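Novice: Got model22.txt for you, compact mmCIF, N, CA and C atoms:
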```txt
# COMPACT_ATOMS: atom_id res chain seq x y z
N MET A 325 0.88 -0.12 4.68
CA MET A 325 -0.41 0.30 5.18
C MET A 325 -0.32 1.72 5.75
N LEU A 326 0.66 1.94 6.61
CA LEU A 326 0.78 3.26 7.23
C LEU A 326 1.04 4.34 6.18
N PHE A 327 1.88 4.03 5.19
CA PHE A 327 2.15 5.00 4.13
C PHE A 327 0.86 5.37 3.41
N ASN A 328 0.05 4.39 3.04
CA ASN A 328 -1.19 4.67 2.33
C ASN A 328 -2.18 5.46 3.18
N LEU A 329 -2.19 5.20 4.48
CA LEU A 329 -3.07 5.97 5.36
C LEU A 329 -2.59 7.40 5.56
N SER A 330 -1.29 7.64 5.39
CA SER A 330 -0.76 8.99 5.60
C SER A 330 -0.93 9.87 4.36
N ARG A 331 -1.23 9.28 3.22
CA ARG A 331 -1.39 10.05 1.98
C ARG A 331 -2.69 10.86 2.02
N ASP A 332 -2.80 11.80 1.14
CA ASP A 332 -4.00 12.65 1.03
C ASP A 332 -4.34 13.31 2.37
N GLU A 333 -3.30 13.81 3.03
CA GLU A 333 -3.45 14.53 4.30
C GLU A 333 -4.19 13.73 5.36
N GLY A 334 -3.98 12.41 5.35
CA GLY A 334 -4.58 11.56 6.37
C GLY A 334 -6.07 11.33 6.20
N ARG A 335 -6.57 11.53 4.99
CA ARG A 335 -8.00 11.30 4.74
C ARG A 335 -8.37 9.88 5.16
N PRO A 336 -9.47 9.73 5.91
CA PRO A 336 -9.88 8.38 6.32
C PRO A 336 -10.17 7.51 5.09
N ARG A 337 -9.82 6.25 5.18
CA ARG A 337 -10.09 5.30 4.10
C ARG A 337 -10.86 4.13 4.67
N ASN A 338 -11.63 3.48 3.80
CA ASN A 338 -12.31 2.29 4.27
C ASN A 338 -11.50 1.06 3.91
N GLN A 339 -11.91 -0.07 4.45
CA GLN A 339 -11.17 -1.32 4.28
C GLN A 339 -11.08 -1.72 2.80
N ASN A 340 -12.13 -1.53 2.03
CA ASN A 340 -12.11 -1.89 0.61
C ASN A 340 -11.08 -1.08 -0.16
N GLU A 341 -10.99 0.23 0.11
CA GLU A 341 -9.99 1.07 -0.54
C GLU A 341 -8.58 0.57 -0.24
N LEU A 342 -8.35 0.26 1.03
CA LEU A 342 -7.03 -0.21 1.43
C LEU A 342 -6.70 -1.55 0.78
N ALA A 343 -7.68 -2.42 0.67
CA ALA A 343 -7.45 -3.72 0.02
C ALA A 343 -7.03 -3.52 -1.43
N GLN A 344 -7.66 -2.60 -2.13
CA GLN A 344 -7.29 -2.32 -3.52
C GLN A 344 -5.90 -1.70 -3.61
N LEU A 345 -5.62 -0.72 -2.76
CA LEU A 345 -4.32 -0.06 -2.79
C LEU A 345 -3.17 -1.03 -2.52
N LEU A 346 -3.40 -1.96 -1.62
CA LEU A 346 -2.34 -2.89 -1.22
C LEU A 346 -2.42 -4.23 -1.94
N GLU A 347 -3.38 -4.34 -2.84
CA GLU A 347 -3.56 -5.57 -3.62
C GLU A 347 -3.69 -6.79 -2.71
N MET A 348 -4.57 -6.65 -1.71
CA MET A 348 -4.82 -7.73 -0.74
C MET A 348 -6.31 -8.00 -0.68
N GLY A 349 -6.67 -9.15 -0.18
CA GLY A 349 -8.07 -9.48 0.02
C GLY A 349 -8.61 -8.80 1.26
N ASN A 350 -9.94 -8.69 1.34
CA ASN A 350 -10.57 -8.02 2.47
C ASN A 350 -10.31 -8.72 3.80
N ALA A 351 -10.27 -10.06 3.79
CA ALA A 351 -10.03 -10.78 5.04
C ALA A 351 -8.62 -10.50 5.56
N ALA A 352 -7.64 -10.50 4.67
CA ALA A 352 -6.26 -10.24 5.07
C ALA A 352 -6.11 -8.82 5.58
N ILE A 353 -6.76 -7.86 4.91
CA ILE A 353 -6.72 -6.46 5.35
C ILE A 353 -7.36 -6.33 6.72
N GLY A 354 -8.49 -6.99 6.91
CA GLY A 354 -9.19 -6.93 8.20
C GLY A 354 -8.32 -7.43 9.34
N GLU A 355 -7.62 -8.54 9.11
CA GLU A 355 -6.72 -9.10 10.13
C GLU A 355 -5.57 -8.14 10.41
N LEU A 356 -4.98 -7.59 9.35
CA LEU A 356 -3.87 -6.65 9.51
C LEU A 356 -4.32 -5.41 10.28
N LEU A 357 -5.47 -4.86 9.91
CA LEU A 357 -5.98 -3.66 10.60
C LEU A 357 -6.25 -3.93 12.07
N MET A 358 -6.75 -5.11 12.37
CA MET A 358 -7.02 -5.47 13.75
C MET A 358 -5.72 -5.47 14.57
N ARG A 359 -4.66 -6.03 14.00
CA ARG A 359 -3.37 -6.06 14.69
C ARG A 359 -2.78 -4.65 14.82
N LEU A 360 -2.88 -3.85 13.75
CA LEU A 360 -2.35 -2.49 13.80
C LEU A 360 -3.11 -1.63 14.80
N GLU A 361 -4.42 -1.81 14.88
CA GLU A 361 -5.22 -1.06 15.84
C GLU A 361 -4.86 -1.46 17.27
N LYS A 362 -4.71 -2.75 17.48
CA LYS A 362 -4.36 -3.25 18.81
C LYS A 362 -3.00 -2.70 19.26
N ALA A 363 -2.08 -2.52 18.32
CA ALA A 363 -0.75 -1.99 18.63
C ALA A 363 -0.74 -0.46 18.73
N GLY A 364 -1.86 0.19 18.38
CA GLY A 364 -1.95 1.64 18.49
C GLY A 364 -1.46 2.41 17.27
N PHE A 365 -1.26 1.72 16.13
CA PHE A 365 -0.77 2.38 14.93
C PHE A 365 -1.88 3.01 14.09
N VAL A 366 -3.07 2.45 14.17
CA VAL A 366 -4.22 2.99 13.44
C VAL A 366 -5.41 3.05 14.37
N ARG A 367 -6.42 3.80 13.95
CA ARG A 367 -7.69 3.81 14.68
C ARG A 367 -8.81 3.65 13.66
N ARG A 368 -9.82 2.91 14.08
CA ARG A 368 -10.98 2.68 13.22
C ARG A 368 -12.20 3.29 13.90
N GLN A 369 -13.03 3.96 13.07
CA GLN A 369 -14.25 4.59 13.58
C GLN A 369 -15.40 4.22 12.66
N ARG A 370 -16.53 3.97 13.28
CA ARG A 370 -17.73 3.64 12.49
C ARG A 370 -18.11 4.81 11.59
N VAL A 371 -18.59 4.48 10.40
CA VAL A 371 -19.08 5.48 9.47
C VAL A 371 -20.53 5.79 9.85
N PRO A 372 -20.85 7.07 10.10
CA PRO A 372 -22.23 7.41 10.45
C PRO A 372 -23.21 6.93 9.38
N GLY A 373 -24.26 6.26 9.81
CA GLY A 373 -25.28 5.79 8.88
C GLY A 373 -24.96 4.46 8.21
N ASP A 374 -23.82 3.85 8.54
CA ASP A 374 -23.44 2.57 7.94
C ASP A 374 -22.86 1.68 9.04
N ARG A 375 -23.66 0.75 9.53
CA ARG A 375 -23.23 -0.08 10.66
C ARG A 375 -22.08 -1.01 10.31
N ARG A 376 -21.91 -1.34 9.04
CA ARG A 376 -20.90 -2.32 8.66
C ARG A 376 -19.55 -1.70 8.30
N SER A 377 -19.53 -0.43 7.96
CA SER A 377 -18.31 0.20 7.45
C SER A 377 -17.60 1.00 8.54
N LYS A 378 -16.26 0.97 8.46
CA LYS A 378 -15.45 1.76 9.38
C LYS A 378 -14.42 2.53 8.57
N HIS A 379 -14.16 3.77 9.03
CA HIS A 379 -13.07 4.55 8.46
C HIS A 379 -11.80 4.21 9.24
N VAL A 380 -10.71 4.15 8.53
CA VAL A 380 -9.41 3.85 9.13
C VAL A 380 -8.52 5.07 8.96
N GLN A 381 -7.85 5.46 10.04
CA GLN A 381 -6.90 6.57 10.00
C GLN A 381 -5.64 6.18 10.74
N ILE A 382 -4.54 6.78 10.34
CA ILE A 382 -3.27 6.55 11.03
C ILE A 382 -3.32 7.27 12.37
N ALA A 383 -2.87 6.60 13.42
CA ALA A 383 -2.81 7.19 14.76
C ALA A 383 -1.46 7.87 14.95
N GLU A 384 -1.32 8.64 16.02
CA GLU A 384 -0.07 9.36 16.28
C GLU A 384 1.12 8.40 16.36
N ARG A 385 0.94 7.29 17.03
CA ARG A 385 2.02 6.30 17.13
C ARG A 385 2.39 5.79 15.73
N GLY A 386 1.41 5.61 14.88
CA GLY A 386 1.67 5.19 13.51
C GLY A 386 2.45 6.22 12.74
N ARG A 387 2.14 7.50 12.94
CA ARG A 387 2.88 8.58 12.28
C ARG A 387 4.35 8.58 12.70
N GLU A 388 4.59 8.37 13.99
CA GLU A 388 5.97 8.34 14.49
C GLU A 388 6.75 7.19 13.87
N VAL A 389 6.15 6.02 13.83
CA VAL A 389 6.82 4.85 13.25
C VAL A 389 7.04 5.06 11.75
N LEU A 390 6.06 5.63 11.08
CA LEU A 390 6.17 5.87 9.64
C LEU A 390 7.33 6.82 9.35
N GLU A 391 7.49 7.86 10.13
CA GLU A 391 8.59 8.79 9.91
C GLU A 391 9.93 8.09 10.06
N HIS A 392 10.05 7.25 11.07
CA HIS A 392 11.28 6.48 11.25
C HIS A 392 11.50 5.54 10.07
N MET A 393 10.45 4.87 9.61
CA MET A 393 10.55 3.96 8.47
C MET A 393 11.00 4.70 7.22
N ARG A 394 10.49 5.90 7.01
CA ARG A 394 10.89 6.69 5.84
C ARG A 394 12.38 7.03 5.88
N LEU A 395 12.87 7.43 7.04
CA LEU A 395 14.29 7.76 7.18
C LEU A 395 15.16 6.54 6.88
N VAL A 396 14.80 5.40 7.44
CA VAL A 396 15.56 4.18 7.22
C VAL A 396 15.48 3.76 5.75
N ALA A 397 14.30 3.84 5.15
CA ALA A 397 14.12 3.45 3.76
C ALA A 397 14.94 4.33 2.82
N HIS A 398 14.94 5.63 3.05
CA HIS A 398 15.71 6.53 2.20
C HIS A 398 17.21 6.28 2.34
N ALA A 399 17.67 6.06 3.55
CA ALA A 399 19.09 5.77 3.75
C ALA A 399 19.46 4.46 3.07
N SER A 400 18.62 3.46 3.22
CA SER A 400 18.86 2.16 2.58
C SER A 400 18.83 2.29 1.07
N ASN A 401 17.86 3.03 0.56
CA ASN A 401 17.74 3.23 -0.88
C ASN A 401 18.98 3.94 -1.43
N ASP A 402 19.46 4.94 -0.71
CA ASP A 402 20.67 5.64 -1.14
C ASP A 402 21.86 4.69 -1.22
N GLU A 403 21.97 3.79 -0.24
CA GLU A 403 23.08 2.83 -0.22
C GLU A 403 22.99 1.84 -1.38
N ILE A 404 21.82 1.26 -1.62
CA ILE A 404 21.72 0.24 -2.66
C ILE A 404 21.77 0.82 -4.06
N MET A 405 21.52 2.11 -4.19
CA MET A 405 21.54 2.75 -5.51
C MET A 405 22.88 3.44 -5.80
N GLN A 406 23.85 3.28 -4.90
CA GLN A 406 25.16 3.88 -5.14
C GLN A 406 25.75 3.34 -6.44
N GLY A 407 26.29 4.24 -7.24
CA GLY A 407 26.91 3.83 -8.49
C GLY A 407 25.93 3.61 -9.62
N ILE A 408 24.65 3.81 -9.35
CA ILE A 408 23.61 3.65 -10.39
C ILE A 408 23.09 5.05 -10.69
N SER A 409 23.23 5.48 -11.93
CA SER A 409 22.85 6.84 -12.30
C SER A 409 21.33 7.03 -12.21
N SER A 410 20.92 8.28 -12.20
CA SER A 410 19.48 8.60 -12.19
C SER A 410 18.78 8.01 -13.39
N GLU A 411 19.44 8.06 -14.54
CA GLU A 411 18.86 7.50 -15.76
C GLU A 411 18.68 5.99 -15.63
N GLU A 412 19.67 5.32 -15.05
CA GLU A 412 19.57 3.87 -14.85
C GLU A 412 18.48 3.53 -13.83
N GLN A 413 18.35 4.36 -12.81
CA GLN A 413 17.29 4.13 -11.82
C GLN A 413 15.91 4.28 -12.46
N CYS A 414 15.75 5.27 -13.33
CA CYS A 414 14.48 5.45 -14.05
C CYS A 414 14.21 4.26 -14.96
N LEU A 415 15.25 3.78 -15.63
CA LEU A 415 15.11 2.61 -16.48
C LEU A 415 14.69 1.40 -15.66
N LEU A 416 15.33 1.19 -14.52
CA LEU A 416 14.98 0.08 -13.63
C LEU A 416 13.53 0.19 -13.17
N ASP A 417 13.13 1.38 -12.78
CA ASP A 417 11.75 1.62 -12.34
C ASP A 417 10.77 1.24 -13.45
N GLY A 418 11.06 1.67 -14.67
CA GLY A 418 10.19 1.36 -15.80
C GLY A 418 10.14 -0.13 -16.09
N LEU A 419 11.30 -0.78 -16.04
CA LEU A 419 11.36 -2.23 -16.31
C LEU A 419 10.58 -3.02 -15.26
N LEU A 420 10.79 -2.70 -14.00
CA LEU A 420 10.07 -3.41 -12.94
C LEU A 420 8.57 -3.16 -13.02
N SER A 421 8.18 -1.94 -13.35
CA SER A 421 6.75 -1.63 -13.49
C SER A 421 6.14 -2.41 -14.65
N ARG A 422 6.86 -2.51 -15.77
CA ARG A 422 6.37 -3.29 -16.90
C ARG A 422 6.27 -4.77 -16.57
N MET A 423 7.26 -5.27 -15.83
CA MET A 423 7.22 -6.67 -15.43
C MET A 423 6.01 -6.94 -14.54
N LYS A 424 5.73 -6.03 -13.63
CA LYS A 424 4.57 -6.19 -12.76
C LYS A 424 3.30 -6.14 -13.58
N HIS A 425 3.23 -5.21 -14.51
CA HIS A 425 2.05 -5.11 -15.38
C HIS A 425 1.85 -6.40 -16.16
N ASN A 426 2.94 -6.94 -16.71
CA ASN A 426 2.85 -8.19 -17.47
C ASN A 426 2.36 -9.33 -16.58
N LEU A 427 2.88 -9.39 -15.37
CA LEU A 427 2.47 -10.42 -14.44
C LEU A 427 0.99 -10.28 -14.08
N MET A 428 0.56 -9.06 -13.80
CA MET A 428 -0.85 -8.84 -13.46
C MET A 428 -1.76 -9.16 -14.64
N THR A 429 -1.32 -8.85 -15.86
CA THR A 429 -2.09 -9.18 -17.05
C THR A 429 -2.24 -10.69 -17.16
N GLN A 430 -1.15 -11.41 -16.92
CA GLN A 430 -1.20 -12.88 -16.99
C GLN A 430 -2.15 -13.43 -15.94
N ILE A 431 -2.11 -12.89 -14.74
CA ILE A 431 -3.00 -13.33 -13.67
C ILE A 431 -4.46 -13.07 -14.07
N GLN A 432 -4.74 -11.90 -14.63
CA GLN A 432 -6.10 -11.58 -15.06
C GLN A 432 -6.56 -12.53 -16.16
N GLN A 433 -5.66 -12.87 -17.08
CA GLN A 433 -6.02 -13.82 -18.13
C GLN A 433 -6.30 -15.20 -17.53
N ASP A 434 -5.48 -15.60 -16.60
CA ASP A 434 -5.71 -16.88 -15.92
C ASP A 434 -7.04 -16.86 -15.17
N ASP A 435 -7.35 -15.72 -14.52
CA ASP A 435 -8.63 -15.58 -13.83
C ASP A 435 -9.80 -15.77 -14.80
N ALA A 436 -9.67 -15.19 -15.99
CA ALA A 436 -10.74 -15.29 -16.99
C ALA A 436 -10.93 -16.74 -17.42
N ILE A 437 -9.83 -17.48 -17.52
CA ILE A 437 -9.92 -18.89 -17.93
C ILE A 437 -10.51 -19.74 -16.82
N THR A 438 -10.07 -19.52 -15.59
CA THR A 438 -10.51 -20.37 -14.48
C THR A 438 -11.81 -19.88 -13.84
N GLY A 439 -12.17 -18.63 -14.11
CA GLY A 439 -13.38 -18.07 -13.50
C GLY A 439 -13.16 -17.59 -12.08
N GLU A 440 -11.92 -17.57 -11.64
CA GLU A 440 -11.60 -17.10 -10.29
C GLU A 440 -11.18 -15.64 -10.36
N ALA A 441 -11.34 -14.95 -9.24
CA ALA A 441 -10.94 -13.53 -9.18
C ALA A 441 -9.86 -13.39 -8.13
N THR A 442 -8.61 -13.66 -8.53
CA THR A 442 -7.50 -13.58 -7.58
C THR A 442 -6.71 -12.29 -7.72
N SER A 443 -6.93 -11.54 -8.78
CA SER A 443 -6.11 -10.36 -9.01
C SER A 443 -6.79 -9.09 -8.52
N GLN A 444 -5.98 -8.04 -8.38
CA GLN A 444 -6.44 -6.72 -7.98
C GLN A 444 -5.99 -5.73 -9.04
N GLU A 445 -6.51 -4.50 -8.95
CA GLU A 445 -6.07 -3.45 -9.88
C GLU A 445 -4.65 -3.04 -9.56
N LEU A 446 -3.94 -2.57 -10.59
CA LEU A 446 -2.60 -2.06 -10.39
C LEU A 446 -2.66 -0.69 -9.72
N PRO A 447 -1.75 -0.43 -8.77
CA PRO A 447 -1.74 0.90 -8.17
C PRO A 447 -1.26 1.93 -9.19
N ALA A 448 -1.73 3.16 -9.03
CA ALA A 448 -1.35 4.22 -9.96
C ALA A 448 0.11 4.61 -9.80
N GLN A 449 0.61 4.55 -8.57
CA GLN A 449 2.00 4.95 -8.30
C GLN A 449 2.89 3.72 -8.33
N SER A 450 4.06 3.86 -8.88
CA SER A 450 5.01 2.76 -8.95
C SER A 450 5.44 2.36 -7.54
N PRO A 451 5.36 1.06 -7.20
CA PRO A 451 5.78 0.62 -5.89
C PRO A 451 7.29 0.50 -5.76
N TRP A 452 8.01 0.69 -6.85
CA TRP A 452 9.45 0.46 -6.86
C TRP A 452 10.25 1.68 -6.42
N ARG A 453 9.62 2.85 -6.34
CA ARG A 453 10.35 4.08 -5.99
C ARG A 453 9.99 4.50 -4.57
N LEU A 454 10.96 4.94 -3.84
CA LEU A 454 10.71 5.46 -2.49
C LEU A 454 10.54 6.96 -2.58
N GLY A 455 9.61 7.49 -1.78
CA GLY A 455 9.45 8.94 -1.72
C GLY A 455 8.64 9.44 -2.76
```
Show the structure stored in the file as structure tokens.
Specialist:
Amino acid sequence: MLFNLSRDEGRPRNQNELAQLLEMGNAAIGELLMRLEKAGFVRRQRVPGDRRSKHVQIAERGREVLEHMRLVAHASNDEIMQGISSEEQCLLDGLLSRMKHNLMTQIQQDDAITGEATSQELPAQSPWRLG
């Protein structure tokens, strides 16, 4: 959540955008945002002219935690990728992305058969790569 809020120079996002980016339902996003706001990691502000919508932005405390998370993630990624060449890492990234695509396609097909809408759009950026 914090990473997505920090992208695009901290441009405010609404709850629906975040739900799509994180492939979560609106209720789950709402609960998560409420907890993050209470902890001081994000702030929500009403959208002028729209009583129901709020913009969400990362707060200073959220930026500090995100920076620490990035450092830990990069160090961890470096450790787990030791001995794996750049070419192999790219291959792994492609394979995992294809597997996710195949899984999401299957879910969408199942949704079409059952008439339920449980799937979300695939994010444009691969979730398997850090940085």
Novice: Give me, as a PDB file with N, CA and C atoms, keeping the file's coordinate frame, all polymer residues having an atom no more than 12 Å from Pro336 of chain A, counting only C-alpha atoms and skipping those fewer than 5 positions away in the same chain.
Specialist:
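For reference, result_36.pdb as written:
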```
ATOM      1  N   LEU A 326       0.660   1.940   6.610  1.00  0.00           N
ATOM      2  CA  LEU A 326       0.780   3.260   7.230  1.00  0.00           C
ATOM      3  C   LEU A 326       1.040   4.340   6.180  1.00  0.00           C
ATOM      4  N   ASN A 328       0.050   4.390   3.040  1.00  0.00           N
ATOM      5  CA  ASN A 328      -1.190   4.670   2.330  1.00  0.00           C
ATOM      6  C   ASN A 328      -2.180   5.460   3.180  1.00  0.00           C
ATOM      7  N   LEU A 329      -2.190   5.200   4.480  1.00  0.00           N
ATOM      8  CA  LEU A 329      -3.070   5.970   5.360  1.00  0.00           C
ATOM      9  C   LEU A 329      -2.590   7.400   5.560  1.00  0.00           C
ATOM     10  N   SER A 330      -1.290   7.640   5.390  1.00  0.00           N
ATOM     11  CA  SER A 330      -0.760   8.990   5.600  1.00  0.00           C
ATOM     12  C   SER A 330      -0.930   9.870   4.360  1.00  0.00           C
ATOM     13  N   ARG A 331      -1.230   9.280   3.220  1.00  0.00           N
ATOM     14  CA  ARG A 331      -1.390  10.050   1.980  1.00  0.00           C
ATOM     15  C   ARG A 331      -2.690  10.860   2.020  1.00  0.00           C
ATOM     16  N   GLU A 341     -10.990   0.230   0.110  1.00  0.00           N
ATOM     17  CA  GLU A 341      -9.990   1.070  -0.540  1.00  0.00           C
ATOM     18  C   GLU A 341      -8.580   0.570  -0.240  1.00  0.00           C
ATOM     19  N   LEU A 342      -8.350   0.260   1.030  1.00  0.00           N
ATOM     20  CA  LEU A 342      -7.030  -0.210   1.430  1.00  0.00           C
ATOM     21  C   LEU A 342      -6.700  -1.550   0.780  1.00  0.00           C
ATOM     22  N   VAL A 366      -3.070   2.450  14.170  1.00  0.00           N
ATOM     23  CA  VAL A 366      -4.220   2.990  13.440  1.00  0.00           C
ATOM     24  C   VAL A 366      -5.410   3.050  14.370  1.00  0.00           C
ATOM     25  N   ARG A 367      -6.420   3.800  13.950  1.00  0.00           N
ATOM     26  CA  ARG A 367      -7.690   3.810  14.680  1.00  0.00           C
ATOM     27  C   ARG A 367      -8.810   3.650  13.660  1.00  0.00           C
ATOM     28  N   ARG A 368      -9.820   2.910  14.080  1.00  0.00           N
ATOM     29  CA  ARG A 368     -10.980   2.680  13.220  1.00  0.00           C
ATOM     30  C   ARG A 368     -12.200   3.290  13.900  1.00  0.00           C
ATOM     31  N   GLN A 369     -13.030   3.960  13.070  1.00  0.00           N
ATOM     32  CA  GLN A 369     -14.250   4.590  13.580  1.00  0.00           C
ATOM     33  C   GLN A 369     -15.400   4.220  12.660  1.00  0.00           C
ATOM     34  N   ARG A 370     -16.530   3.970  13.280  1.00  0.00           N
ATOM     35  CA  ARG A 370     -17.730   3.640  12.490  1.00  0.00           C
ATOM     36  C   ARG A 370     -18.110   4.810  11.590  1.00  0.00           C
ATOM     37  N   VAL A 371     -18.590   4.480  10.400  1.00  0.00           N
ATOM     38  CA  VAL A 371     -19.080   5.480   9.470  1.00  0.00           C
ATOM     39  C   VAL A 371     -20.530   5.790   9.850  1.00  0.00           C
ATOM     40  N   SER A 377     -19.530  -0.430   7.960  1.00  0.00           N
ATOM     41  CA  SER A 377     -18.310   0.200   7.450  1.00  0.00           C
ATOM     42  C   SER A 377     -17.600   1.000   8.540  1.00  0.00           C
ATOM     43  N   LYS A 378     -16.260   0.970   8.460  1.00  0.00           N
ATOM     44  CA  LYS A 378     -15.450   1.760   9.380  1.00  0.00           C
ATOM     45  C   LYS A 378     -14.420   2.530   8.570  1.00  0.00           C
ATOM     46  N   HIS A 379     -14.160   3.770   9.030  1.00  0.00           N
ATOM     47  CA  HIS A 379     -13.070   4.550   8.460  1.00  0.00           C
ATOM     48  C   HIS A 379     -11.800   4.210   9.240  1.00  0.00           C
ATOM     49  N   VAL A 380     -10.710   4.150   8.530  1.00  0.00           N
ATOM     50  CA  VAL A 380      -9.410   3.850   9.130  1.00  0.00           C
ATOM     51  C   VAL A 380      -8.520   5.070   8.960  1.00  0.00           C
ATOM     52  N   GLN A 381      -7.850   5.460  10.040  1.00  0.00           N
ATOM     53  CA  GLN A 381      -6.900   6.570  10.000  1.00  0.00           C
ATOM     54  C   GLN A 381      -5.640   6.180  10.740  1.00  0.00           C
ATOM     55  N   ILE A 382      -4.540   6.780  10.340  1.00  0.00           N
ATOM     56  CA  ILE A 382      -3.270   6.550  11.030  1.00  0.00           C
ATOM     57  C   ILE A 382      -3.320   7.270  12.370  1.00  0.00           C
ATOM     58  N   ALA A 383      -2.870   6.600  13.420  1.00  0.00           N
ATOM     59  CA  ALA A 383      -2.810   7.190  14.760  1.00  0.00           C
ATOM     60  C   ALA A 383      -1.460   7.870  14.950  1.00  0.00           C
TER      61      ALA A 383
END
```
Novice: How far is it from atom N of Arg359 of chain A to atom CA of Gly373 of chain A, in Å with one decimal?
Specialist: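 Atom CA of Gly373 of chain A lies 24.3 Å from atom N of Arg359 of chain A.
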Novice: Could you tell me how far atom N of Gly439 of chain A sits from atom CA of Leu356 of chain A, in Å to one decimal place?
Specialist: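 Here the two named atoms are 27.8 Å from each other.
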Novice: Which value, in Å to one decimal, gives the distance between atom C of Glu411 of chain A and atom N of Asn426 of chain A?
Specialist: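 These atoms are spaced 20.4 Å apart.
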Novice: Any chance you could list, as a ChimeraX atom specification, the residues in chain A that come up strand (DSSP E) when DSSP is run on the backbone?
Specialist: /A:337-338,366-371,374-382
Novice: Please write out, as lines of an AutoDock Vina configuration file, where the centre of an axis-aligned box around all listed atoms of segment 400-416 of chain A lies and how long its edges are, in Å to one decimal, after adding 3 Å on each side.
Specialist:
```
center_x = 20.2
center_y = 4.3
center_z = -6.6
size_x = 19.4
size_y = 14.5
size_z = 25.7
```
